[in-house]
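What follows is upload.txt (compact mmCIF, C-alpha atoms).
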```
# COMPACT_ATOMS: atom_id res chain seq x y z
CA MET X 15 -3.84 -54.34 -9.95
CA THR X 16 -2.44 -52.71 -13.04
CA THR X 17 -4.66 -51.01 -15.59
CA GLU X 18 -4.20 -51.57 -19.27
CA PRO X 19 -3.02 -48.38 -20.94
CA PHE X 20 -5.74 -46.90 -23.11
CA GLN X 21 -4.98 -47.67 -26.74
CA ILE X 22 -6.54 -46.86 -30.03
CA THR X 23 -5.60 -49.93 -31.97
CA ASN X 24 -7.52 -49.46 -35.16
CA CYS X 25 -9.59 -46.99 -37.16
CA THR X 26 -12.88 -48.35 -35.87
CA ALA X 27 -11.79 -47.50 -32.34
CA ALA X 28 -10.59 -44.09 -33.48
CA TYR X 29 -13.93 -43.34 -35.09
CA ALA X 30 -15.78 -44.50 -31.97
CA HIS X 31 -13.94 -41.84 -29.99
CA LEU X 32 -13.86 -39.16 -32.66
CA PHE X 33 -16.82 -37.10 -31.48
CA SER X 34 -15.61 -37.18 -27.89
CA TYR X 35 -12.19 -36.10 -29.14
CA LEU X 36 -13.65 -33.13 -31.01
CA ASP X 37 -15.84 -32.25 -28.04
CA GLY X 38 -12.80 -32.11 -25.76
CA ALA X 39 -14.24 -34.91 -23.67
CA LEU X 40 -11.40 -37.42 -23.75
CA SER X 41 -9.25 -38.11 -20.73
CA ALA X 42 -5.60 -37.10 -21.02
CA GLU X 43 -4.62 -40.70 -21.68
CA ALA X 44 -7.28 -41.27 -24.31
CA LEU X 45 -6.43 -37.95 -25.93
CA ALA X 46 -2.77 -38.93 -26.23
CA ALA X 47 -3.74 -42.30 -27.76
CA MET X 48 -6.05 -40.56 -30.22
CA GLN X 49 -3.46 -38.00 -31.23
CA THR X 50 -0.94 -40.76 -31.83
CA HIS X 51 -3.37 -42.62 -34.05
CA LEU X 52 -4.29 -39.49 -36.01
CA ALA X 53 -0.62 -38.63 -36.52
CA ASN X 54 -0.11 -42.01 -38.15
CA CYS X 55 -3.35 -42.49 -40.03
CA PRO X 56 -4.15 -40.06 -42.85
CA PRO X 57 -7.72 -41.28 -43.44
CA CYS X 58 -8.62 -40.84 -39.77
CA ALA X 59 -6.84 -37.49 -39.68
CA GLY X 60 -8.85 -36.47 -42.72
CA GLU X 61 -12.07 -37.59 -41.06
CA ALA X 62 -11.21 -35.63 -37.92
CA SER X 63 -10.46 -32.58 -40.01
CA VAL X 64 -13.74 -32.73 -41.92
CA GLN X 65 -15.76 -33.35 -38.76
CA LYS X 66 -14.05 -30.41 -37.11
CA ASP X 67 -14.86 -28.18 -40.08
CA LEU X 68 -18.46 -29.29 -40.08
CA LYS X 69 -18.76 -28.57 -36.37
CA ALA X 70 -17.39 -25.07 -37.01
CA VAL X 71 -19.89 -24.46 -39.81
CA VAL X 72 -22.74 -25.59 -37.55
CA ALA X 73 -21.49 -23.23 -34.84
CA LYS X 74 -21.14 -20.26 -37.15
CA GLY X 75 -24.29 -20.86 -39.17
CA CYS X 76 -26.57 -21.32 -36.18
CA ARG X 77 -25.53 -18.08 -34.51
CA THR X 78 -27.84 -15.12 -34.97
CA ASP X 79 -27.67 -11.48 -33.97
CA LEU X 80 -30.05 -10.29 -31.34
CA PRO X 81 -33.04 -8.55 -32.95
CA ASP X 82 -33.28 -4.82 -32.36
CA GLY X 83 -35.40 -3.91 -29.41
CA LEU X 84 -35.64 -7.38 -27.90
CA ARG X 85 -33.45 -6.45 -24.96
CA ASP X 86 -35.66 -3.48 -24.08
CA ARG X 87 -38.84 -5.47 -24.60
CA ILE X 88 -37.58 -8.14 -22.22
CA PHE X 89 -36.00 -6.01 -19.53
CA GLY X 90 -38.26 -2.96 -19.70
CA PRO X 91 -41.15 -4.51 -17.75
CA LEU X 92 -38.82 -5.38 -14.88
CA PHE X 93 -38.33 -1.71 -14.05
CA THR X 94 -41.15 0.37 -12.64
CA SER X 95 -40.12 3.18 -14.95
CA GLY X 96 -40.26 0.74 -17.88
CA HIS X 97 -36.85 2.09 -18.76
CA VAL X 98 -33.89 -0.24 -18.92
CA PRO X 99 -30.64 1.27 -17.71
CA SER X 100 -27.95 1.01 -20.33
CA LEU X 101 -24.82 -0.75 -19.19
CA THR X 102 -22.31 2.06 -19.65
CA PRO X 103 -18.64 1.16 -19.20
CA GLU X 104 -18.56 2.77 -15.75
CA ASN X 105 -21.19 0.55 -14.24
CA LYS X 106 -20.75 -2.60 -16.33
CA ILE X 107 -19.69 -5.62 -14.29
CA PHE X 108 -18.05 -7.32 -17.25
CA GLY X 109 -14.97 -5.63 -18.61
CA ASP X 110 -14.84 -3.93 -21.95
CA ASP X 111 -15.91 -6.30 -24.64
CA MET E 12 -37.94 -10.14 -6.15
CA ALA E 13 -34.32 -9.91 -7.21
CA ASP E 14 -32.90 -6.47 -7.92
CA PRO E 15 -33.65 -5.86 -11.60
CA THR E 16 -30.42 -4.03 -12.32
CA THR E 17 -28.34 -6.89 -10.97
CA PHE E 18 -30.43 -9.36 -12.92
CA VAL E 19 -29.96 -7.38 -16.14
CA GLU E 20 -26.21 -7.06 -15.66
CA ASP E 21 -25.81 -10.73 -14.88
CA THR E 22 -28.02 -12.20 -17.57
CA GLU E 23 -27.81 -9.78 -20.49
CA PRO E 24 -24.58 -11.26 -21.90
CA PHE E 25 -26.40 -14.53 -22.57
CA MET E 26 -29.39 -13.14 -24.42
CA GLU E 27 -27.90 -13.42 -27.90
CA SER E 28 -26.95 -17.08 -27.40
CA LEU E 29 -30.34 -17.85 -25.93
CA PHE E 30 -32.02 -16.21 -28.90
CA SER E 31 -29.86 -18.09 -31.42
CA THR E 32 -30.76 -21.39 -29.80
CA ALA E 33 -34.43 -20.40 -29.54
CA LEU E 34 -34.47 -19.59 -33.24
CA ARG E 35 -33.13 -23.02 -34.21
CA LEU E 36 -35.58 -24.70 -31.86
CA THR E 37 -38.71 -22.85 -32.93
CA ARG E 38 -37.61 -22.18 -36.54
CA ASN E 39 -39.59 -18.96 -36.40
CA ARG E 40 -38.37 -15.52 -35.30
CA ALA E 41 -41.55 -14.42 -33.57
CA ASP E 42 -41.79 -17.67 -31.60
CA ALA E 43 -38.10 -17.42 -30.75
CA GLU E 44 -38.56 -13.92 -29.34
CA ASP E 45 -41.56 -15.11 -27.29
CA LEU E 46 -39.57 -18.06 -26.01
CA VAL E 47 -36.66 -15.89 -24.92
CA GLN E 48 -39.00 -13.38 -23.32
CA GLU E 49 -40.74 -16.09 -21.31
CA THR E 50 -37.38 -17.59 -20.39
CA TYR E 51 -36.17 -14.31 -18.96
CA LEU E 52 -39.40 -13.78 -17.07
CA ARG E 53 -39.10 -17.21 -15.43
CA ALA E 54 -35.42 -16.61 -14.73
CA TYR E 55 -36.20 -13.28 -13.09
CA ARG E 56 -38.87 -14.83 -10.90
CA GLY E 57 -36.52 -17.58 -9.83
CA TYR E 58 -33.40 -15.45 -9.56
CA GLU E 59 -33.36 -14.99 -5.82
CA GLY E 60 -33.36 -18.77 -5.45
CA PHE E 61 -30.46 -19.14 -7.87
CA ARG E 62 -27.23 -19.86 -6.03
CA GLU E 63 -24.49 -17.41 -6.91
CA GLY E 64 -21.31 -18.96 -8.23
CA THR E 65 -23.09 -21.88 -9.84
CA ASN E 66 -23.46 -22.13 -13.59
CA LEU E 67 -25.71 -19.24 -14.60
CA ARG E 68 -25.45 -19.88 -18.33
CA ALA E 69 -26.47 -23.55 -17.96
CA TRP E 70 -29.29 -22.51 -15.61
CA LEU E 71 -30.67 -20.07 -18.19
CA PHE E 72 -30.44 -22.67 -20.96
CA ARG E 73 -32.24 -25.15 -18.78
CA ILE E 74 -35.09 -22.69 -18.36
CA LEU E 75 -35.09 -22.09 -22.12
CA THR E 76 -35.33 -25.77 -23.03
CA ASN E 77 -37.92 -26.49 -20.33
CA THR E 78 -40.00 -23.51 -21.42
CA HIS E 79 -39.83 -24.66 -25.03
CA ILE E 80 -41.06 -28.14 -24.09
CA ASN E 81 -43.80 -26.70 -21.85
CA ARG E 82 -45.01 -24.39 -24.59
CA TYR E 83 -45.52 -27.42 -26.80
CA ARG E 84 -47.54 -29.14 -24.09
CA ALA E 85 -49.66 -26.04 -23.61
CA SER E 86 -50.38 -25.89 -27.32
CA GLN E 87 -51.15 -29.60 -27.28
CA ARG E 88 -48.49 -30.29 -29.84
CA ARG E 89 -45.72 -32.67 -28.94
CA PRO E 90 -42.12 -31.83 -29.65
CA GLU E 91 -40.57 -34.20 -32.11
CA GLU E 92 -39.02 -36.92 -30.04
CA ALA E 93 -38.47 -39.34 -32.86
CA GLU E 94 -35.72 -41.82 -32.31
CA LEU E 95 -33.09 -41.80 -34.98
CA ASP E 96 -31.91 -45.21 -36.01
CA ASP E 97 -28.37 -45.96 -35.11
CA LEU E 98 -26.87 -45.35 -38.52
CA ASP E 99 -23.87 -47.25 -39.62
CA ASP E 100 -20.72 -45.32 -39.02
CA PHE E 101 -20.74 -42.57 -41.57
CA TYR E 102 -17.30 -41.60 -42.67
CA LEU E 103 -17.97 -38.28 -44.33
CA TYR E 104 -14.35 -37.73 -45.22
CA ARG E 105 -13.97 -41.14 -46.78
CA LYS E 106 -17.09 -40.50 -48.84
CA LEU E 107 -15.81 -37.14 -49.97
CA GLY E 108 -12.25 -38.30 -50.06
CA ASP E 109 -13.01 -40.36 -53.11
CA ARG E 110 -12.62 -37.07 -54.91
CA ASN E 111 -9.17 -36.58 -53.46
CA ALA E 112 -7.90 -38.27 -56.54
CA TYR E 113 -8.46 -34.90 -58.16
CA GLY E 114 -6.06 -33.23 -55.77
CA ARG E 115 -8.39 -31.20 -53.57
CA SER E 116 -8.28 -31.11 -49.78
CA ALA E 117 -11.11 -32.48 -47.67
CA GLU E 118 -11.82 -29.04 -46.28
CA GLU E 119 -12.24 -27.57 -49.73
CA GLU E 120 -14.54 -30.43 -50.62
CA LEU E 121 -16.71 -29.78 -47.62
CA MET E 122 -17.23 -26.10 -48.20
CA ASP E 123 -17.73 -26.57 -51.91
CA LEU E 124 -20.40 -29.16 -51.37
CA PHE E 125 -22.50 -27.58 -48.63
CA SER E 126 -23.42 -23.99 -48.08
CA GLU E 127 -23.77 -22.70 -44.55
CA ALA E 128 -27.50 -22.31 -45.13
CA GLU E 129 -27.79 -25.96 -46.06
CA VAL E 130 -25.96 -27.03 -42.94
CA VAL E 131 -28.29 -24.90 -40.83
CA ALA E 132 -31.33 -26.34 -42.63
CA ALA E 133 -30.07 -29.84 -41.91
CA VAL E 134 -29.67 -28.98 -38.22
CA GLU E 135 -33.22 -27.61 -38.16
CA ASN E 136 -34.47 -30.84 -39.73
CA LEU E 137 -33.17 -32.94 -36.86
CA PRO E 138 -35.78 -34.18 -34.40
CA GLU E 139 -35.92 -31.79 -31.49
CA ASN E 140 -34.22 -33.86 -28.84
CA TYR E 141 -31.24 -34.46 -31.13
CA ARG E 142 -31.24 -30.86 -32.33
CA MET E 143 -31.07 -29.56 -28.77
CA ALA E 144 -28.05 -31.71 -27.98
CA VAL E 145 -26.20 -30.65 -31.15
CA LEU E 146 -26.95 -26.96 -30.57
CA LEU E 147 -25.82 -27.07 -26.96
CA ALA E 148 -22.60 -28.90 -27.85
CA ASP E 149 -21.60 -27.35 -31.15
CA VAL E 150 -22.97 -23.82 -30.99
CA GLU E 151 -22.81 -23.18 -27.27
CA GLY E 152 -19.83 -25.38 -26.42
CA PHE E 153 -21.36 -26.88 -23.31
CA ALA E 154 -19.63 -29.91 -21.82
CA TYR E 155 -21.47 -33.25 -21.80
CA LYS E 156 -22.09 -32.93 -18.08
CA GLU E 157 -23.62 -29.48 -18.51
CA ILE E 158 -25.83 -30.67 -21.37
CA ALA E 159 -26.97 -33.57 -19.19
CA SER E 160 -28.02 -31.16 -16.47
CA ILE E 161 -29.66 -28.75 -18.93
CA LEU E 162 -31.73 -31.50 -20.57
CA ASP E 163 -32.09 -33.53 -17.36
CA VAL E 164 -30.90 -36.76 -18.98
CA PRO E 165 -27.94 -39.04 -18.23
CA ILE E 166 -24.57 -38.26 -19.85
CA GLY E 167 -24.85 -41.49 -21.86
CA THR E 168 -28.05 -40.17 -23.42
CA VAL E 169 -26.32 -36.89 -24.31
CA MET E 170 -23.51 -38.76 -26.05
CA SER E 171 -25.94 -41.02 -27.86
CA ARG E 172 -28.01 -38.08 -29.10
CA LEU E 173 -24.89 -36.28 -30.26
CA HIS E 174 -23.58 -39.34 -32.08
CA ARG E 175 -26.87 -40.09 -33.80
CA GLY E 176 -27.76 -36.47 -34.43
CA ARG E 177 -24.43 -35.70 -36.05
CA LYS E 178 -24.48 -38.85 -38.14
CA ALA E 179 -27.99 -38.05 -39.35
CA LEU E 180 -26.89 -34.51 -40.13
CA GLN E 181 -23.95 -35.68 -42.19
CA LYS E 182 -25.91 -38.31 -44.02
CA GLU E 183 -28.52 -35.72 -44.98
CA LEU E 184 -25.86 -33.33 -46.22
CA TYR E 185 -24.10 -36.05 -48.17
CA ASP E 186 -27.37 -37.29 -49.73
CA PHE E 187 -28.16 -33.71 -50.64
CA ALA E 188 -24.81 -33.31 -52.33
CA VAL E 189 -25.28 -36.58 -54.21
CA ALA E 190 -28.71 -35.46 -55.38
CA ARG E 191 -27.08 -32.39 -56.81
CA GLY E 192 -24.66 -34.64 -58.60
CA LEU E 193 -21.65 -33.30 -56.77
CA ALA E 194 -20.45 -36.31 -54.88
CA GLU E 195 -20.76 -39.38 -57.06
CA GLU E 196 -19.02 -42.41 -55.69
CA ILE E 197 -15.95 -42.44 -57.87
CA GLN E 198 -15.31 -45.79 -59.49
CA PRO E 199 -11.82 -46.38 -60.87
CA ASP E 200 -13.03 -46.36 -64.47
CA ALA E 201 -15.59 -43.55 -64.11
CA GLU E 202 -15.48 -40.41 -66.16
CA SER E 203 -13.95 -37.33 -64.60
CA PRO E 204 -16.67 -35.15 -63.11
CA ALA E 205 -17.13 -31.78 -64.78
CA ASP E 206 -15.55 -29.15 -62.61
```
In structure tokens, how does this file's structure come out?
Amino acid sequence: MTTEPFQITNCTAAYAHLFSYLDGALSAEALAAMQTHLANCPPCAGEASVQKDLKAVVAKGCRTDLPDGLRDRIFGPLFTSGHVPSLTPENKIFGDD
Amino acid sequence: MADPTTFVEDTEPFMESLFSTALRLTRNRADAEDLVQETYLRAYRGYEGFREGTNLRAWLFRILTNTHINRYRASQRRPEEAELDDLDDFYLYRKLGDRNAYGRSAEEELMDLFSEAEVVAAVENLPENYRMAVLLADVEGFAYKEIASILDVPIGTVMSRLHRGRKALQKELYDFAVARGLAEEIQPDAESPAD
């Protein structure tokens, strides 16, 4: 039994797969079909570009720095001394960051 | 109980992400801090049962989202679980692209029309179940399968919430831009917009 190759035959199909494409969730075959369509379709390429930008703005805008003192407030009570050891480079599991 | 130093070393790198997500869920800094604090407490209590080598970050986010939902139940408020209508396909670029006649790129259009703060406000306006999916996918970069396990829903539901949530987000942003008179539908014989 042969399988039909995955094709993106029109812009409606491209749009239906656009979010999955941007989320990195397409199979290799579907990804190739999508990339081919985008290479040959300026409106869909434009849509992909705008959606990608919007996703990046959401990602950047929704990030927040950790408030001062939250780490100590959270971890302090776990230690009988109430003092949280600082993760100095010598005893940090994760490499320098 | 798990060794606290090990727990701190293992889980500290995720605190900033957990807080960012908590802030967008609760929309209030004090509540976000409480949520993260309770999340870490539950994680610490359950840490010895957590299997090493499995997905710690997803496990922590699962505790965060569960704790958030439970806090609502305790306060007798229900999290917004409104269903968004399945909007027609919303081609943001094609809507904006009408202005391409004036020679500007789609990317420039986007950033001219919406500030980062407006995008964040639109995310925070999404009903909670959609907001959670969008945050986990777009801010935290979780795969669909991970989001499904964090939210304890099928992958199809994750994809549906992402589709609808993002469409609703874009429609709100576009409507907002139109209201500010920045994105009129350009008709062939319309006046040039002031720039």
| request: Quote the spacing between atom CA of E:Gly167 and atom CA of E:Tyr141 in Å to one decimal place. | output: 13.3 Å
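Relative to atom CA of E:Arg68, atom CA of E:Phe25 is found at 6.9 Å.
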| message | Using all atoms listed in the file, I'd like every residue of chain X that has an atom within 7 Å of chain E; please write them out as a VMD selection string. | response | chain X and resid 60 to 61 64 67 69 71 to 73 75 to 80 88 92 to 93 107
| query | What does the distance between atom CA of E:Arg191 and atom CA of X:Phe33 come to in Å, to one decimal place? | reply | 27.7 Å
| message | Give me the residues near stretch 72-75 of chain E as JSON, numbers by chain, where near means some atom within 8 Å (using only C-alpha atoms) and where sequence neighbours in that chain fewer than 2 positions away do not count. | response | {"E": [29, 33, 46, 47, 50, 53, 54, 68, 69, 70, 77, 78, 79, 160, 161, 162]}
Write out, as a short mmCIF file (atom, residue, chain, number, x, y, z; two decimals), in the frame of the given file, the residues just selected, with C-alpha atoms.
```
data_model
loop_
_atom_site.label_atom_id
_atom_site.label_comp_id
_atom_site.auth_asym_id
_atom_site.auth_seq_id
_atom_site.Cartn_x
_atom_site.Cartn_y
_atom_site.Cartn_z
CA LEU E 29 -30.34 -17.85 -25.93
CA ALA E 33 -34.43 -20.40 -29.54
CA LEU E 46 -39.57 -18.06 -26.01
CA VAL E 47 -36.66 -15.89 -24.92
CA THR E 50 -37.38 -17.59 -20.39
CA ARG E 53 -39.10 -17.21 -15.43
CA ALA E 54 -35.42 -16.61 -14.73
CA ARG E 68 -25.45 -19.88 -18.33
CA ALA E 69 -26.47 -23.55 -17.96
CA TRP E 70 -29.29 -22.51 -15.61
CA ASN E 77 -37.92 -26.49 -20.33
CA THR E 78 -40.00 -23.51 -21.42
CA HIS E 79 -39.83 -24.66 -25.03
CA SER E 160 -28.02 -31.16 -16.47
CA ILE E 161 -29.66 -28.75 -18.93
CA LEU E 162 -31.73 -31.50 -20.57
#
```
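Across E:Leu67, E:Ala43, E:Leu184, E:Val189, the tightest approach to X:Leu68 is made by E:Leu184 when counting all atoms listed in the file.
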| field | Exercise: stretch 44-57 of chain X partners within 10 Å, all atoms listed in the file, chain neighbours under 6 positions left out, as a ChimeraX atom specification | value | /X:19-25,27-29,31-32,34-35,38,63 /E:102,104-105,108
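Residue nearest E:Val169 within the list E:Met143, E:Ala41, E:Thr76, E:Tyr185: E:Met143 [criterion: smallest interatomic distance, only C-alpha atoms].
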